[in-house]
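Here's the structure we're looking at; comments come further down.
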Amino acid sequence: MTLIVTTLSGYAQQRRVQHKPYIDLRPMHFGIVVGTHLQDIEFENVGLQTLVDEEGNTSEHLIMTECDKWNPGFSVGVLAELRLHENLALRFTPSMYFGAKHLTFLNMLNLDAEGNPLKTTQDLKCTYVAFPLNIKFSAPRFNNYRPFISAGASGLINLTNGGEDNISLKRFTTMLEVGIGCDFYLPFFKLIPELKFCYGLGNSLDTNHINELRDTNKRAYAGSVRDAQSKMIMLSIYFE
């Protein structure tokens, strides 16, 4: 039995025919990327707030705001990779992200017949143009696969106008990115799946949106949070 296991283990470690053996020696790589992602956002609630209407009347509001689930979306982009070293590369992947965030507002001072806070929801649509710049560190290639890790930052432009939504996000934001993946060398191209975790830097909330709302009834919702941190989990497939 030991002999069989040893034989199989040795066979599994044998070198095999390598597809695209010189592809990593090129100074520049180009490709396309498609993928899916999950969007989330974490709010810091204000708590009890006092608002003054146009006639000078004051009112108190206590609204709890949260993103109650991770929302799926999809992305598409292009890849440019610069070889820096045998194991290091600089990657630039301008992309577009299409998705939304599902928000829930609980009006704690306005209860229904059963004593539960009145609930309002909003689908915060988010379409981003992203410019990620990452360093990719790859392990030595074995046969037709090569694992790697990556890290970097991404600047995002939000193309979605808040309009009369309760909550609106800033036009520009920045995210830190950390990823893990593997290069698979196929006969005619290289396939690269990557799982990436992204976390927003700074406050992504448009704090001036409350002053732009024409519907004064929505100002209590817009003013219910003071800070927002965007997050994403991305699964991308690169084709080189």
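Residue names in the structure tokens use chain letters A, B, ... in the order shown, residue numbers from 1 in each chain, and ligand numbers from 1 in the order shown.
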At a cut-off of 6 Å, can you tabulate as JSON lines every residue of range 14-128 of chain A near range 225-230 of chain A together with its closest atom pair and the distance in Å to one decimal, using only C-alpha atoms and ordering rows by chain then number?
```
{"residue": "A:Ile41", "atom": "CA", "partner": "A:Ser230", "partner_atom": "CA", "distance": 4.4}
{"residue": "A:Glu42", "atom": "CA", "partner": "A:Gln229", "partner_atom": "CA", "distance": 5.1}
{"residue": "A:Phe43", "atom": "CA", "partner": "A:Ala228", "partner_atom": "CA", "distance": 4.5}
{"residue": "A:Glu44", "atom": "CA", "partner": "A:Asp227", "partner_atom": "CA", "distance": 5.1}
{"residue": "A:Asn45", "atom": "CA", "partner": "A:Val225", "partner_atom": "CA", "distance": 4.3}
{"residue": "A:Val46", "atom": "CA", "partner": "A:Val225", "partner_atom": "CA", "distance": 5.0}
```
Set the distance at 10 Å and use only C-alpha atoms: which residues neighbour Ile23 in chain A once local chain neighbours fewer than 2 positions away are removed? I'd like the list as an MDAnalysis selection string. chainID A and resid 19:21 25:29 185 189:190 240
Applying 8 Å and only C-alpha atoms, which residues near range 97-105 of chain A remain after dropping the ones on its own chain fewer than 3 positions away? List them as a VMD selection string. chain A and resid 39 to 41 63 to 76 119 to 130 221
Nearest-residue call for Asn211 in chain A, choices A:Phe137, A:Ile149, A:Ala113, A:Ser168, using only C-alpha atoms: A:Ser168
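Among the candidate residues A:Asn134, A:Ser236, A:Ser150, A:Thr174, the one lying nearest to Leu201 in chain A is A:Thr174, with distances computed using only C-alpha atoms.
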Which of range 2-225 of chain A counts as strand (DSSP E) under DSSP, as a VMD selection string please? chain A and resid 28 to 45 48 to 52 58 to 67 71 to 83 88 to 92 95 to 111 117 to 138 145 to 158 172 to 185 190 to 201 225
Put those residues in a file: C-alpha atoms, as a short mmCIF file (atom, residue, chain, number, x, y, z; two decimals), in the first residue's frame.
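This is the output file part-v8.cif:
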```cif
data_model
loop_
_atom_site.label_atom_id
_atom_site.label_comp_id
_atom_site.auth_asym_id
_atom_site.auth_seq_id
_atom_site.Cartn_x
_atom_site.Cartn_y
_atom_site.Cartn_z
CA MET A 28 3.73 43.42 -21.37
CA HIS A 29 0.57 41.35 -21.16
CA PHE A 30 -2.88 42.40 -22.35
CA GLY A 31 -6.26 40.83 -21.89
CA ILE A 32 -9.88 41.23 -20.89
CA VAL A 33 -11.66 40.62 -17.60
CA VAL A 34 -15.24 39.75 -16.72
CA GLY A 35 -16.61 38.96 -13.31
CA THR A 36 -19.21 39.20 -10.63
CA HIS A 37 -19.13 40.93 -7.26
CA LEU A 38 -21.06 41.53 -4.06
CA GLN A 39 -21.55 45.10 -2.83
CA ASP A 40 -22.06 46.20 0.76
CA ILE A 41 -21.88 49.45 2.69
CA GLU A 42 -21.48 50.06 6.42
CA PHE A 43 -23.18 53.13 7.93
CA GLU A 44 -22.55 55.13 11.08
CA ASN A 45 -25.97 56.26 12.29
CA LEU A 48 -31.71 61.26 17.43
CA GLN A 49 -31.80 64.29 15.11
CA THR A 50 -33.74 67.57 15.21
CA LEU A 51 -34.81 69.12 11.92
CA VAL A 52 -36.19 72.59 11.23
CA THR A 58 -38.82 71.68 14.67
CA SER A 59 -39.29 67.92 14.69
CA GLU A 60 -37.35 65.00 16.13
CA HIS A 61 -36.48 61.85 14.20
CA LEU A 62 -34.73 58.60 15.09
CA ILE A 63 -34.03 56.53 12.00
CA MET A 64 -31.73 53.51 11.91
CA THR A 65 -30.18 52.90 8.49
CA GLU A 66 -28.39 49.78 7.30
CA CYS A 67 -27.52 47.78 4.20
CA ASN A 71 -26.05 42.61 -3.42
CA PRO A 72 -24.70 40.91 -6.56
CA GLY A 73 -23.48 42.77 -9.62
CA PHE A 74 -21.19 42.23 -12.60
CA SER A 75 -18.12 43.86 -14.09
CA VAL A 76 -16.19 44.04 -17.34
CA GLY A 77 -12.83 45.58 -18.18
CA VAL A 78 -9.43 45.30 -19.82
CA LEU A 79 -6.03 44.26 -18.47
CA ALA A 80 -2.53 45.63 -18.98
CA GLU A 81 0.26 43.89 -17.03
CA LEU A 82 3.89 45.04 -16.87
CA ARG A 83 6.54 42.45 -15.95
CA LEU A 88 6.49 40.50 -9.75
CA ALA A 89 4.16 42.36 -12.09
CA LEU A 90 2.28 45.65 -12.12
CA ARG A 91 -1.36 45.33 -13.21
CA PHE A 92 -3.72 48.03 -14.45
CA SER A 95 -13.24 48.34 -15.48
CA MET A 96 -16.91 49.12 -15.09
CA TYR A 97 -18.90 47.79 -12.12
CA PHE A 98 -22.69 47.51 -12.31
CA GLY A 99 -24.62 46.83 -9.12
CA ALA A 100 -26.76 48.15 -6.27
CA LYS A 101 -26.99 48.28 -2.50
CA HIS A 102 -30.26 47.45 -0.73
CA LEU A 103 -30.86 49.89 2.15
CA THR A 104 -33.36 49.63 5.00
CA PHE A 105 -34.57 52.58 7.11
CA LEU A 106 -36.33 51.91 10.44
CA ASN A 107 -38.27 54.90 11.77
CA MET A 108 -38.00 54.24 15.50
CA LEU A 109 -40.39 57.06 16.51
CA ASN A 110 -43.10 56.12 14.03
CA LEU A 111 -44.64 52.73 14.86
CA PRO A 117 -40.93 50.69 13.53
CA LEU A 118 -42.09 51.70 10.07
CA LYS A 119 -39.68 50.37 7.46
CA THR A 120 -38.64 52.08 4.23
CA THR A 121 -36.28 50.57 1.65
CA GLN A 122 -34.11 51.92 -1.14
CA ASP A 123 -32.16 50.25 -3.93
CA LEU A 124 -29.08 52.42 -4.16
CA LYS A 125 -27.92 51.78 -7.73
CA CYS A 126 -24.14 52.05 -8.19
CA THR A 127 -22.37 52.17 -11.55
CA TYR A 128 -18.64 52.74 -11.20
CA VAL A 129 -15.75 53.32 -13.56
CA ALA A 130 -12.77 51.87 -11.69
CA PHE A 131 -9.03 52.24 -12.22
CA PRO A 132 -7.34 49.51 -10.11
CA LEU A 133 -3.54 49.45 -9.87
CA ASN A 134 -2.12 46.33 -8.21
CA ILE A 135 1.16 44.56 -7.54
CA LYS A 136 0.99 40.86 -8.39
CA PHE A 137 3.37 38.42 -6.67
CA SER A 138 3.42 34.99 -8.30
CA TYR A 145 -0.65 26.55 -13.08
CA ARG A 146 0.88 29.35 -11.03
CA PRO A 147 -0.77 30.76 -7.84
CA PHE A 148 -0.41 34.42 -6.89
CA ILE A 149 -1.45 37.12 -4.46
CA SER A 150 -2.10 40.77 -5.28
CA ALA A 151 -2.56 44.05 -3.46
CA GLY A 152 -3.17 47.64 -4.45
CA ALA A 153 -5.68 50.48 -4.65
CA SER A 154 -8.46 51.56 -6.97
CA GLY A 155 -9.95 54.94 -7.78
CA LEU A 156 -13.67 54.81 -8.59
CA ILE A 157 -15.97 57.30 -10.30
CA ASN A 158 -19.65 56.94 -9.42
CA PHE A 172 -15.25 59.86 -6.29
CA THR A 173 -13.98 57.23 -3.86
CA THR A 174 -10.89 55.07 -3.28
CA MET A 175 -10.68 51.42 -2.25
CA LEU A 176 -7.89 49.17 -0.99
CA GLU A 177 -7.73 45.77 -2.66
CA VAL A 178 -6.24 42.40 -1.68
CA GLY A 179 -6.61 39.35 -3.90
CA ILE A 180 -5.64 35.72 -4.40
CA GLY A 181 -5.77 33.72 -7.59
CA CYS A 182 -4.06 31.32 -9.97
CA ASP A 183 -2.81 31.42 -13.57
CA PHE A 184 -3.97 28.45 -15.63
CA TYR A 185 -2.04 27.92 -18.86
CA LYS A 190 -4.09 31.92 -20.16
CA LEU A 191 -7.12 31.79 -17.83
CA ILE A 192 -6.81 33.63 -14.50
CA PRO A 193 -9.52 33.45 -11.81
CA GLU A 194 -9.04 35.85 -8.90
CA LEU A 195 -10.92 36.45 -5.65
CA LYS A 196 -10.50 40.01 -4.40
CA PHE A 197 -11.57 41.85 -1.24
CA CYS A 198 -12.05 45.64 -1.47
CA TYR A 199 -12.55 48.18 1.33
CA GLY A 200 -13.33 51.87 0.88
CA LEU A 201 -11.06 54.57 2.26
CA VAL A 225 -26.16 58.70 8.80
#
```
